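Undergrad: Sharing work-v6.pdb here; it has PDB, C-alpha atoms.
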```pdb
MODEL        1
ATOM      1  CA  MET N 608     274.968  -2.940 -22.070
ATOM      2  CA  LYS N 609     273.210  -4.419 -19.033
ATOM      3  CA  ALA N 610     272.174  -7.464 -21.049
ATOM      4  CA  SER N 611     275.778  -7.974 -22.194
ATOM      5  CA  VAL N 612     277.123  -7.699 -18.633
ATOM      6  CA  SER N 613     274.424 -10.045 -17.326
ATOM      7  CA  LYS N 614     275.219 -12.547 -20.081
ATOM      8  CA  SER N 615     278.939 -12.406 -19.235
ATOM      9  CA  ILE N 616     278.251 -12.916 -15.531
ATOM     10  CA  ASN N 617     275.979 -15.895 -16.240
ATOM     11  CA  TRP N 618     278.621 -17.434 -18.518
ATOM     12  CA  SER N 619     281.340 -16.889 -15.894
ATOM     13  CA  LEU N 620     279.205 -18.529 -13.209
ATOM     14  CA  ALA N 621     278.430 -21.453 -15.533
ATOM     15  CA  ILE N 622     282.133 -21.903 -16.305
ATOM     16  CA  ALA N 623     282.965 -21.792 -12.589
ATOM     17  CA  VAL N 624     280.427 -24.522 -11.825
ATOM     18  CA  ILE N 625     281.587 -26.645 -14.765
ATOM     19  CA  THR N 626     285.205 -26.237 -13.637
ATOM     20  CA  LEU N 627     284.287 -27.269 -10.085
ATOM     21  CA  VAL N 628     282.534 -30.426 -11.290
ATOM     22  CA  LEU N 629     285.174 -31.410 -13.861
ATOM     23  CA  ALA N 630     288.041 -30.726 -11.431
ATOM     24  CA  ALA N 631     286.390 -33.007  -8.870
ATOM     25  CA  ILE N 632     285.856 -35.737 -11.491
ATOM     26  CA  PHE N 633     289.432 -35.473 -12.789
ATOM     27  CA  SER N 634     290.813 -35.530  -9.234
ATOM     28  CA  ILE N 635     288.742 -38.555  -8.189
ATOM     29  CA  ILE N 636     289.647 -40.524 -11.318
ATOM     30  CA  SER N 637     293.375 -39.710 -11.149
ATOM     31  CA  THR N 638     293.522 -40.515  -7.415
ATOM     32  CA  ALA N 639     291.689 -43.818  -7.940
ATOM     33  CA  VAL N 640     293.950 -44.792 -10.842
ATOM     34  CA  LEU N 641     297.187 -43.821  -9.080
ATOM     35  CA  SER N 642     296.404 -45.546  -5.792
ATOM     36  CA  GLY N 643     298.113 -48.906  -5.604
ATOM     37  CA  VAL N 644     299.876 -48.746  -8.982
ATOM     38  CA  SER N 645     303.596 -48.642  -9.689
ATOM     39  CA  TRP N 646     305.394 -45.354 -10.318
ATOM     40  CA  ALA N 647     305.893 -46.332 -13.984
ATOM     41  CA  ILE N 648     302.143 -46.592 -14.570
ATOM     42  CA  GLY N 649     301.737 -43.398 -12.561
ATOM     43  CA  MET N 650     304.078 -41.608 -14.964
ATOM     44  CA  ILE N 651     301.996 -42.816 -17.916
ATOM     45  CA  VAL N 652     298.856 -41.459 -16.233
ATOM     46  CA  VAL N 653     300.535 -38.090 -15.683
ATOM     47  CA  LEU N 654     301.615 -37.964 -19.335
ATOM     48  CA  LEU N 655     298.046 -38.772 -20.435
ATOM     49  CA  ILE N 656     296.744 -35.886 -18.326
ATOM     50  CA  VAL N 657     299.316 -33.567 -19.909
ATOM     51  CA  LEU N 658     298.312 -34.769 -23.395
ATOM     52  CA  ILE N 659     294.641 -34.069 -22.608
ATOM     53  CA  GLY N 660     295.562 -30.493 -21.694
ATOM     54  CA  ILE N 661     297.592 -30.060 -24.899
ATOM     55  CA  PHE N 662     294.815 -31.594 -27.019
ATOM     56  CA  PHE N 663     292.109 -29.267 -25.715
ATOM     57  CA  ASP N 664     294.423 -26.255 -25.822
ATOM     58  CA  THR N 665     294.973 -26.968 -29.525
ATOM     59  CA  ILE N 666     291.228 -27.111 -30.148
ATOM     60  CA  GLY N 667     290.706 -23.854 -28.267
ATOM     61  CA  VAL N 668     293.302 -22.001 -30.343
ATOM     62  CA  ALA N 669     292.009 -23.554 -33.579
ATOM     63  CA  SER N 670     288.480 -22.341 -32.823
ATOM     64  CA  THR N 671     289.685 -18.735 -32.628
ATOM     65  CA  ALA N 672     291.928 -19.067 -35.699
ATOM     66  CA  ALA N 673     289.395 -20.808 -37.938
ATOM     67  CA  ASN N 674     287.464 -18.933 -40.621
ATOM     68  CA  GLU N 675     283.731 -19.613 -40.866
ATOM     69  CA  VAL N 676     283.572 -19.267 -44.676
ATOM     70  CA  PRO N 677     285.005 -22.704 -45.680
ATOM     71  CA  PHE N 678     282.477 -24.448 -43.460
ATOM     72  CA  HIS N 679     279.581 -22.769 -45.273
ATOM     73  CA  ALA N 680     280.869 -24.309 -48.505
ATOM     74  CA  MET N 681     281.103 -27.688 -46.758
ATOM     75  CA  ALA N 682     277.585 -27.276 -45.366
ATOM     76  CA  ALA N 683     276.320 -26.505 -48.895
ATOM     77  CA  GLU N 684     277.781 -29.850 -49.961
ATOM     78  CA  ARG N 685     276.045 -31.452 -46.945
ATOM     79  CA  LEU N 686     279.276 -32.695 -45.393
ATOM     80  CA  THR N 687     278.748 -34.258 -41.981
ATOM     81  CA  GLY N 688     279.854 -31.928 -39.198
ATOM     82  CA  ALA N 689     280.051 -28.747 -41.290
ATOM     83  CA  LYS N 690     277.134 -27.036 -39.516
ATOM     84  CA  HIS N 691     278.612 -27.969 -36.155
ATOM     85  CA  ALA N 692     281.967 -26.543 -37.235
ATOM     86  CA  ILE N 693     280.157 -23.268 -37.999
ATOM     87  CA  PHE N 694     278.639 -23.469 -34.519
ATOM     88  CA  VAL N 695     282.128 -23.833 -33.017
ATOM     89  CA  THR N 696     283.602 -20.893 -34.932
ATOM     90  CA  ARG N 697     280.640 -18.650 -34.069
ATOM     91  CA  ASN N 698     281.157 -19.480 -30.400
ATOM     92  CA  ALA N 699     284.964 -19.410 -30.535
ATOM     93  CA  ASP N 700     285.259 -17.288 -27.389
ATOM     94  CA  ARG N 701     283.328 -19.790 -25.298
ATOM     95  CA  VAL N 702     284.966 -22.805 -26.904
ATOM     96  CA  ALA N 703     288.424 -21.324 -26.246
ATOM     97  CA  SER N 704     287.454 -20.455 -22.677
ATOM     98  CA  PHE N 705     286.260 -23.998 -22.017
ATOM     99  CA  CYS N 706     289.148 -25.774 -23.768
ATOM    100  CA  ASN N 707     292.032 -23.518 -22.727
ATOM    101  CA  ASP N 708     290.936 -22.240 -19.337
ATOM    102  CA  VAL N 709     288.725 -24.993 -17.942
ATOM    103  CA  ILE N 710     290.225 -28.226 -19.314
ATOM    104  CA  GLY N 711     293.735 -26.786 -19.776
ATOM    105  CA  ASP N 712     294.015 -25.370 -16.255
ATOM    106  CA  ILE N 713     292.421 -28.423 -14.646
ATOM    107  CA  SER N 714     294.870 -30.688 -16.492
ATOM    108  CA  GLY N 715     297.778 -28.569 -15.282
ATOM    109  CA  ILE N 716     296.639 -28.691 -11.657
ATOM    110  CA  ILE N 717     295.804 -32.411 -11.692
ATOM    111  CA  SER N 718     299.070 -33.314 -13.441
ATOM    112  CA  GLY N 719     300.975 -31.437 -10.731
ATOM    113  CA  THR N 720     299.141 -33.292  -7.977
ATOM    114  CA  ALA N 721     299.578 -36.626  -9.747
ATOM    115  CA  SER N 722     303.288 -35.908 -10.234
ATOM    116  CA  ALA N 723     303.715 -35.435  -6.493
ATOM    117  CA  THR N 724     302.040 -38.809  -5.879
ATOM    118  CA  VAL N 725     304.311 -40.523  -8.420
ATOM    119  CA  VAL N 726     307.418 -38.971  -6.829
ATOM    120  CA  VAL N 727     306.426 -40.304  -3.404
ATOM    121  CA  GLN N 728     305.773 -43.783  -4.848
ATOM    122  CA  LEU N 729     309.112 -43.787  -6.681
ATOM    123  CA  THR N 730     310.975 -42.632  -3.572
ATOM    124  CA  LEU N 731     309.487 -45.326  -1.354
ATOM    125  CA  GLN N 732     309.935 -48.110  -3.945
ATOM    126  CA  LEU N 733     313.634 -47.259  -4.256
ATOM    127  CA  GLY N 734     314.062 -47.533  -0.496
ATOM    128  CA  HIS N 735     314.334 -43.849   0.414
ATOM    129  CA  SER N 736     312.323 -42.115   3.100
ATOM    130  CA  ASP N 737     309.625 -39.530   2.521
ATOM    131  CA  GLY N 738     311.145 -36.038   2.723
ATOM    132  CA  SER N 739     314.681 -37.217   1.910
ATOM    133  CA  LEU N 740     317.162 -35.421  -0.342
ATOM    134  CA  PHE N 741     316.595 -38.073  -3.000
ATOM    135  CA  GLN N 742     312.863 -37.296  -3.059
ATOM    136  CA  TYR N 743     313.610 -33.584  -3.337
ATOM    137  CA  ILE N 744     315.888 -34.135  -6.360
ATOM    138  CA  ILE N 745     313.427 -36.489  -8.056
ATOM    139  CA  SER N 746     310.612 -34.015  -7.404
ATOM    140  CA  VAL N 747     312.526 -31.134  -9.013
ATOM    141  CA  VAL N 748     313.534 -33.232 -12.037
ATOM    142  CA  PHE N 749     310.088 -34.750 -12.569
ATOM    143  CA  THR N 750     308.265 -31.429 -12.140
ATOM    144  CA  SER N 751     310.654 -29.722 -14.561
ATOM    145  CA  VAL N 752     310.174 -32.429 -17.197
ATOM    146  CA  ILE N 753     306.371 -32.275 -16.901
ATOM    147  CA  ALA N 754     306.431 -28.468 -17.129
ATOM    148  CA  ALA N 755     308.681 -28.620 -20.211
ATOM    149  CA  LEU N 756     306.432 -31.197 -21.894
ATOM    150  CA  THR N 757     303.325 -29.152 -21.101
ATOM    151  CA  VAL N 758     304.690 -25.822 -22.358
ATOM    152  CA  GLY N 759     306.476 -27.348 -25.354
ATOM    153  CA  GLY N 760     303.462 -29.462 -26.271
ATOM    154  CA  LYS N 761     301.100 -26.490 -26.099
ATOM    155  CA  ALA N 762     303.473 -24.373 -28.185
ATOM    156  CA  LEU N 763     303.564 -27.107 -30.833
ATOM    157  CA  GLY N 764     299.797 -27.517 -30.585
ATOM    158  CA  LYS N 765     299.270 -23.787 -31.142
ATOM    159  CA  THR N 766     301.388 -23.955 -34.302
ATOM    160  CA  PHE N 767     299.279 -26.823 -35.658
ATOM    161  CA  ALA N 768     296.078 -25.078 -34.564
ATOM    162  CA  ILE N 769     296.922 -21.908 -36.476
ATOM    163  CA  HIS N 770     298.057 -23.643 -39.676
ATOM    164  CA  PHE N 771     295.435 -26.406 -39.739
ATOM    165  CA  SER N 772     292.528 -24.699 -37.959
ATOM    166  CA  THR N 773     289.983 -25.561 -40.663
ATOM    167  CA  GLY N 774     290.763 -29.284 -40.613
ATOM    168  CA  ILE N 775     290.872 -29.424 -36.814
ATOM    169  CA  ILE N 776     287.562 -27.627 -36.316
ATOM    170  CA  PHE N 777     285.927 -29.693 -39.052
ATOM    171  CA  GLN N 778     286.866 -32.858 -37.152
ATOM    172  CA  VAL N 779     285.530 -31.276 -33.948
ATOM    173  CA  GLY N 780     282.321 -30.523 -35.840
ATOM    174  CA  ARG N 781     282.061 -34.143 -36.960
ATOM    175  CA  PHE N 782     282.553 -35.287 -33.368
ATOM    176  CA  LEU N 783     279.841 -32.897 -32.133
ATOM    177  CA  TYR N 784     277.524 -34.141 -34.876
ATOM    178  CA  TYR N 785     277.864 -37.741 -33.682
ATOM    179  CA  VAL N 786     277.472 -36.658 -30.039
ATOM    180  CA  GLU N 787     274.297 -34.778 -30.962
ATOM    181  CA  LYS N 788     272.994 -37.716 -32.973
ATOM    182  CA  THR N 789     273.821 -40.293 -30.276
ATOM    183  CA  PHE N 790     272.676 -38.405 -27.169
ATOM    184  CA  LYS N 791     269.941 -36.297 -28.849
ATOM    185  CA  ILE N 792     271.520 -33.022 -27.646
ATOM    186  CA  LYS N 793     270.527 -30.163 -29.940
ATOM    187  CA  MET N 794     273.275 -27.578 -30.508
ATOM    188  CA  VAL N 795     272.994 -26.144 -33.994
ATOM    189  CA  GLY N 796     269.173 -26.182 -33.943
ATOM    190  CA  ASN N 797     269.017 -24.130 -30.773
ATOM    191  CA  GLN N 798     271.445 -21.591 -32.173
ATOM    192  CA  SER N 799     269.431 -21.243 -35.392
ATOM    193  CA  LYS N 800     266.242 -20.545 -33.455
ATOM    194  CA  LYS N 801     268.026 -17.962 -31.373
ATOM    195  CA  LYS N 802     269.322 -16.196 -34.473
ATOM    196  CA  LYS N 803     265.849 -16.137 -36.037
ATOM    197  CA  GLY N 804     264.443 -14.627 -32.868
ATOM    198  CA  ASN N 805     267.104 -11.906 -32.896
ATOM    199  CA  ARG N 806     266.319 -11.042 -36.515
ATOM    200  CA  LYS N 807     262.610 -10.698 -35.798
ATOM    201  CA  SER N 808     263.278  -8.401 -32.844
ATOM    202  CA  LYS N 809     265.350  -6.143 -35.107
TER     203      LYS N 809
ENDMDL
END
```
Can you give me the file's structure in the form of C-alpha cells?

TA:
Amino acid sequence: MKASVSKSINWSLAIAVITLVLAAIFSIISTAVLSGVSWAIGMIVVLLIVLIGIFFDTIGVASTAANEVPFHAMAAERLTGAKHAIFVTRNADRVASFCNDVIGDISGIISGTASATVVVQLTLQLGHSDGSLFQYIISVVFTSVIAALTVGGKALGKTFAIHFSTGIIFQVGRFLYYVEKTFKIKMVGNQSKKKKGNRKSK
C-alpha cells in the first residue's frame, strides 16, 4: 500500500514538473510567434494549438480504449511498432494523464491566452481602442468559437479514438519505435526488465 502511494506521489510530482516545463515552452513559443504578426496569422496559430490539444486528447482516449491482444499478434509477426503499442496500452493510465491532462490542459490555457492577444491585434488594426465595446464583442465571439471548436473537436476525436483505438495506438507505437531508434531512448526494454524483476521477487 505504501509503495503504491509513494509511486503515485512520485508520478504526480513528475507530471507537475513536466507540465511546468512544457507550459513554459508552449507559452514562450506562442508569444514569440504571435508578436509582430497579423491577426490572421495569429488565428491560424490559435487553431494549431487547439488542434494539438484535440490530437493528444484522441491519443489519450485511444490508449485507454485499446485492447492489448491484437498487438501481441502484430508483435509475433514482427511488425514495427507493435511492442511499443503494447507498452502504450500497458501504461494507458499514464499515457492518458500525459496526453489529456498535461498537453490537453496546456493547449487549452495557451489557446485562451493566444486568443486574447489576437483579439487585441484585431481591435487595434481595425482602428478601435483597447477596452472598447468592439473589442469586447470580438473577444466574446472569438472565445466562443475557440471553445466550440475545442469541445466539438475533442468529442469527435473521442469517437474516433474509441472506434479506431487499435489503429491509432499502432501508429503511436510506430512513432515511438522510430523515436527510440533515432534518439536511443529505451522504453520497451526497460519495461521488460522491470517485469522480469517483479516475477523473480514473486

Undergrad: Give as a VMD selection string the set of residues within 12 Å of the point (275.1, -28.8, -43.4), where distances use the file's coordinates and only C-alpha atoms.

TA: chain N and resid 677 to 694 777 780 to 781 784 795 to 796

Undergrad: Fewer than 2 positions away in the same chain doesn't count, so skip those; otherwise give me all residues within 12 Å of Val758 of chain N, counting only C-alpha atoms, as a ChimeraX atom specification.

TA: /N:657-658,660-661,664,711,715,751-756,760-765

Undergrad: So what do you get for atom CA of Gly719 of chain N versus atom CA of Thr766 of chain N, distance-wise?

TA: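 So the answer is 24.7 Å.
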
Undergrad: When distances are computed from all atoms listed in the file, which of N:Val779, N:Ile716, N:Leu629, N:Ile635 shows the smallest separation from Thr696 of chain N?

TA: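 Closest residue, counting all atoms listed in the file: N:Val779.
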
Undergrad: Rounded to one decimal place, report the atom CA of Thr665 of chain N-atom CA of Ile776 of chain N distance in Å.

TA: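 Computing the Euclidean distance for atom CA of Thr665 of chain N and atom CA of Ile776 of chain N yields 10.1 Å.
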
Undergrad: Name every residue that the PyMOL selection byres ((chain N and resi 637) around 9) selects in this structure, writing the answer as a list in words with chains first and numbers rising.

TA: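 Output of the PyMOL selection byres ((chain N and resi 637) around 9): Ile632, Phe633, Ser634, Ile635, Ile636, Thr638, Ala639, Val640, Leu641, Ser642, Val652, Val653, Ile656, Ile717, Ser718 and Ala721 of chain N.
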
Undergrad: Please write as a ChimeraX atom specification the full residue list that the PyMOL selection byres ((chain N and resi 732) around 12) yields on this file.

TA: /N:643-647,725-731,733-737,742

Undergrad: Once you have the residues from the selection above, write them out as a PDB file, in the coordinates of the input, restricted to C-alpha atoms.

TA:
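out.pdb written:
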```
ATOM      1  CA  GLY N 643     298.113 -48.906  -5.604  1.00  0.00           C
ATOM      2  CA  VAL N 644     299.876 -48.746  -8.982  1.00  0.00           C
ATOM      3  CA  SER N 645     303.596 -48.642  -9.689  1.00  0.00           C
ATOM      4  CA  TRP N 646     305.394 -45.354 -10.318  1.00  0.00           C
ATOM      5  CA  ALA N 647     305.893 -46.332 -13.984  1.00  0.00           C
ATOM      6  CA  VAL N 725     304.311 -40.523  -8.420  1.00  0.00           C
ATOM      7  CA  VAL N 726     307.418 -38.971  -6.829  1.00  0.00           C
ATOM      8  CA  VAL N 727     306.426 -40.304  -3.404  1.00  0.00           C
ATOM      9  CA  GLN N 728     305.773 -43.783  -4.848  1.00  0.00           C
ATOM     10  CA  LEU N 729     309.112 -43.787  -6.681  1.00  0.00           C
ATOM     11  CA  THR N 730     310.975 -42.632  -3.572  1.00  0.00           C
ATOM     12  CA  LEU N 731     309.487 -45.326  -1.354  1.00  0.00           C
ATOM     13  CA  LEU N 733     313.634 -47.259  -4.256  1.00  0.00           C
ATOM     14  CA  GLY N 734     314.062 -47.533  -0.496  1.00  0.00           C
ATOM     15  CA  HIS N 735     314.334 -43.849   0.414  1.00  0.00           C
ATOM     16  CA  SER N 736     312.323 -42.115   3.100  1.00  0.00           C
ATOM     17  CA  ASP N 737     309.625 -39.530   2.521  1.00  0.00           C
ATOM     18  CA  GLN N 742     312.863 -37.296  -3.059  1.00  0.00           C
TER      19      GLN N 742
END
```

Undergrad: Assuming 6 Å of padding per side, give the centre and edge lengths of the axis-aligned box around every listed atom of segment 783-786 of chain N, in Å to one decimal and as JSON.

TA:
```
{"center_x": 278.7, "center_y": -35.3, "center_z": -32.5, "size_x": 14.4, "size_y": 16.8, "size_z": 16.8}
```

Undergrad: Show which residues sit within 6 Å of Ala669 of chain N, as a PyMOL selection string. Count all atoms listed in the file, and ignore same-chain residues fewer than 4 positions away.

TA: chain N and resi 673+768-769+772

Undergrad: What residues have an atom no more than 6 Å from (282.8, -21.5, -29.6) in the file's own frame, counting all atoms listed in the file, and can you write them as a list of chain:residue names?

TA: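 Those within range, by chain then number, are N:Val695, N:Thr696, N:Arg697, N:Asn698, N:Ala699, N:Asp700, N:Arg701, N:Val702.
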
Undergrad: Which residue gives the smallest distance to Phe749 of chain N among N:Met650, N:Ala703, N:Ile775, N:Val676, with all atoms listed in the file counted?

TA: N:Met650

Undergrad: Would you mind telling me which residue in N:Met794, N:Leu740, N:Val709, N:Ser704 lies nearest to Val628 of chain N when using all atoms listed in the file?

TA: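 Of N:Met794, N:Leu740, N:Val709, N:Ser704, the one nearest Val628 of chain N is N:Val709, counting all atoms listed in the file.
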
Undergrad: Quote the spacing between atom CA of Ile622 of chain N and atom CA of Ile666 of chain N in Å to one decimal place.

TA: 17.4 Å

Undergrad: Mind filling out segment 718-729 of chain N with N, CA and C atoms and sending it as a short mmCIF file (atom, residue, chain, number, x, y, z; two decimals), in the coordinates of the input?

TA:
```
data_model
loop_
_atom_site.label_atom_id
_atom_site.label_comp_id
_atom_site.auth_asym_id
_atom_site.auth_seq_id
_atom_site.Cartn_x
_atom_site.Cartn_y
_atom_site.Cartn_z
N SER N 718 297.78 -32.70 -13.10
CA SER N 718 299.07 -33.31 -13.44
C SER N 718 300.12 -33.00 -12.38
N GLY N 719 300.05 -31.79 -11.81
CA GLY N 719 300.98 -31.44 -10.73
C GLY N 719 300.75 -32.28 -9.49
N THR N 720 299.48 -32.46 -9.13
CA THR N 720 299.14 -33.29 -7.98
C THR N 720 299.53 -34.75 -8.21
N ALA N 721 299.23 -35.24 -9.41
CA ALA N 721 299.58 -36.63 -9.75
C ALA N 721 301.09 -36.83 -9.76
N SER N 722 301.83 -35.83 -10.21
CA SER N 722 303.29 -35.91 -10.23
C SER N 722 303.84 -36.08 -8.83
N ALA N 723 303.27 -35.33 -7.88
CA ALA N 723 303.71 -35.44 -6.49
C ALA N 723 303.49 -36.85 -5.95
N THR N 724 302.35 -37.44 -6.31
CA THR N 724 302.04 -38.81 -5.88
C THR N 724 303.04 -39.80 -6.47
N VAL N 725 303.36 -39.63 -7.75
CA VAL N 725 304.31 -40.52 -8.42
C VAL N 725 305.70 -40.40 -7.79
N VAL N 726 306.10 -39.19 -7.45
CA VAL N 726 307.42 -38.97 -6.83
C VAL N 726 307.51 -39.69 -5.49
N VAL N 727 306.45 -39.61 -4.70
CA VAL N 727 306.43 -40.30 -3.40
C VAL N 727 306.52 -41.81 -3.60
N GLN N 728 305.75 -42.34 -4.57
CA GLN N 728 305.77 -43.78 -4.85
C GLN N 728 307.16 -44.24 -5.30
N LEU N 729 307.78 -43.44 -6.18
CA LEU N 729 309.11 -43.79 -6.68
C LEU N 729 310.14 -43.76 -5.55
#
```
